[in-house]
Structure formats: structure tokens, C-alpha cells
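Student: Quick one: the structure is below, and I'll ask about it shortly.
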Amino acid sequence: MVPSMPTLDDVLEAFAMEPSLDRNTLQRYLRDYPDFATALIDYSQEIFQSQQEADRPLDAHDRARVDSALARFQTVAAQAVPALAQMNAGKLGELARLLTVPHQVVLAFRECGVIVNSVPRRKLIVIADFVGASLQDLTSYLSLPKRSLARSFKSDDKPSNTEKVTFERLLRDAGLADGEIERLLVDEP
């Protein structure tokens with residue numbers, strides 16, 4: 001059986017997946033696939049140009065645009081769920097009971113300390129309903145950078161853990177048993 005000749009798309013895809021896209025790689029492909037030389041050269045120029053653009057630092061105009069977009073996103077997201085961000089201890093406890101989770105888990109939600117896509121959708125719906133927000137607004141709020149609202153006054157030191165964690169990690173850190181964690185991770189209908 002004669003092996004089939006690779007198509008132009010196959011060759012370009014293989015070229016793009018090379019670990020080192022440099023002059024030597026291009027020369028090798030030109031030598032191995034002379035029928036596709038023009039397409040390979042054009043494609044390599046596009047790749048090399050996009051790499052150069054990606055490597056260049058943002059200029060002041062680009063930085064200003066990124067900062068402006070981020071500020072708009074944070075403002076909209078923060079305004080969308082002010083009830084969660086400003087919830088008092090009594091309401092936090094009520095939400096914790098409703099979700100059947102320890103109080104510290106609800107604090108992590110308030111501080112945007114949970115990786116939102118690790119939370120079962122049903123739990124997010126319960127929180128959104130409780131605070132009177134849409135699910136989209138809640139997920140936008142929870143996608144904001146983590147902040148330390150509840151514990152910021154308890155220490156003179158700068159907080160060290162600014163990383164978000166999964167919902168499962170929150171439950172484990174709260175000391176819940178494996179069976180209880182599994183029950184809370186199920187996205188019931």
C-alpha cells in the first residue's frame with residue numbers, strides 16, 4: 001500500500017506545531033515539501049510576524065485601552081452583586097446554612113476567592129437567587145481578582161494567599177468529610 005501524500009493543510013498544521021519555528025525548520029519543510037513552498041513561506045511570514053507582535057511590549061495607548069476595559073469590567077461586575085460583597089455576618093450565616101457549607105466557604109465567595117467554574121451550577125444559582133442577582137452577574141463578580149474583605153483588619157502583614165482555589169479545595173480546607181464534599185460537588189437538578 002502506498003502511503004498517501006500529505007495535504008497542504010496537513011503540512012501547514014505540522015509546521016505550526018513544530019517546537020522550534022525558525023529558519024532551519026522552514027528550510028527543512030521547504031526541502032521536504034517543495035510543492036508547498038509558496039504556501040509555507042507565506043504561512044511562516046504570518047507566524048513570524050505574529051510572534052514579533054506578541055513579543056513586543058504594549059505601548060501607552062494599548063495599556064490605556066486594556067486598563068480602561070478592565071476597569072469597566074470590574075465596575076460592572078462589582079455593581080452587579082453588591083449584596084454579596086457587603087453582606088453582614090447574619091446574612092452570610094443564612095447563606096451558609098442554605099448552601100449547607102461552613103461560614104468560611106461563604107466568606108471565600110464574598111472575597112472572590114473561589115474558581116467560579118469549579119462550583120456546581122446549582123450552588124451558583126442558589127447564591128444568585130439569595131443576593132438577587134442574575135447568574136451571569138454573579139459569575140462576573142466571582143471572576144474578579146481575589147480580595148481580602150473579611151480578614152483585612154486582623155493583621156498588619158500583607159495577605160500571602162491571593163490565589164483563587166477550587167470549590168473542592170475550600171470544602172477540604174473547611175475540614176469536611178469526603179462524603180460531605182462529594183455530596184456538595186454534585187450538581188443536582
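Each chain in the C-alpha cells gets a letter, A, B and so on, in the order shown; residues start at 1 in every chain, and ligands are counted from 1 in the order they appear.
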I'd like the neighbourhood of Asp9 in chain A as a PyMOL selection string, where a residue qualifies if any of its atoms comes within 12 Å (using only C-alpha atoms), though same-chain residues fewer than 5 positions away should be ignored.

Tutor: chain A and resi 14-16+36+39-40+43

Student: Which polymer residues have any atom within 10 Å of an atom of Leu98 in chain A, counting only C-alpha atoms, with same-chain residues fewer than 3 positions away left out, as an MDAnalysis selection string?

Tutor: chainID A and resid 92:95 101 123 126:127 130

Student: Please provide as a PyMOL selection string all residues within 10 Å of Val165 in chain A, with the sequence filter that same-chain residues fewer than 5 positions apart are discarded (counting only C-alpha atoms).

Tutor: chain A and resi 108+112-116+118+146+170

Student: For CA of Met87 in chain A and CA of Leu107 in chain A, determine how far apart the two atoms are, in Å to one decimal place.

Tutor: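 A separation of 9.6 Å between them.
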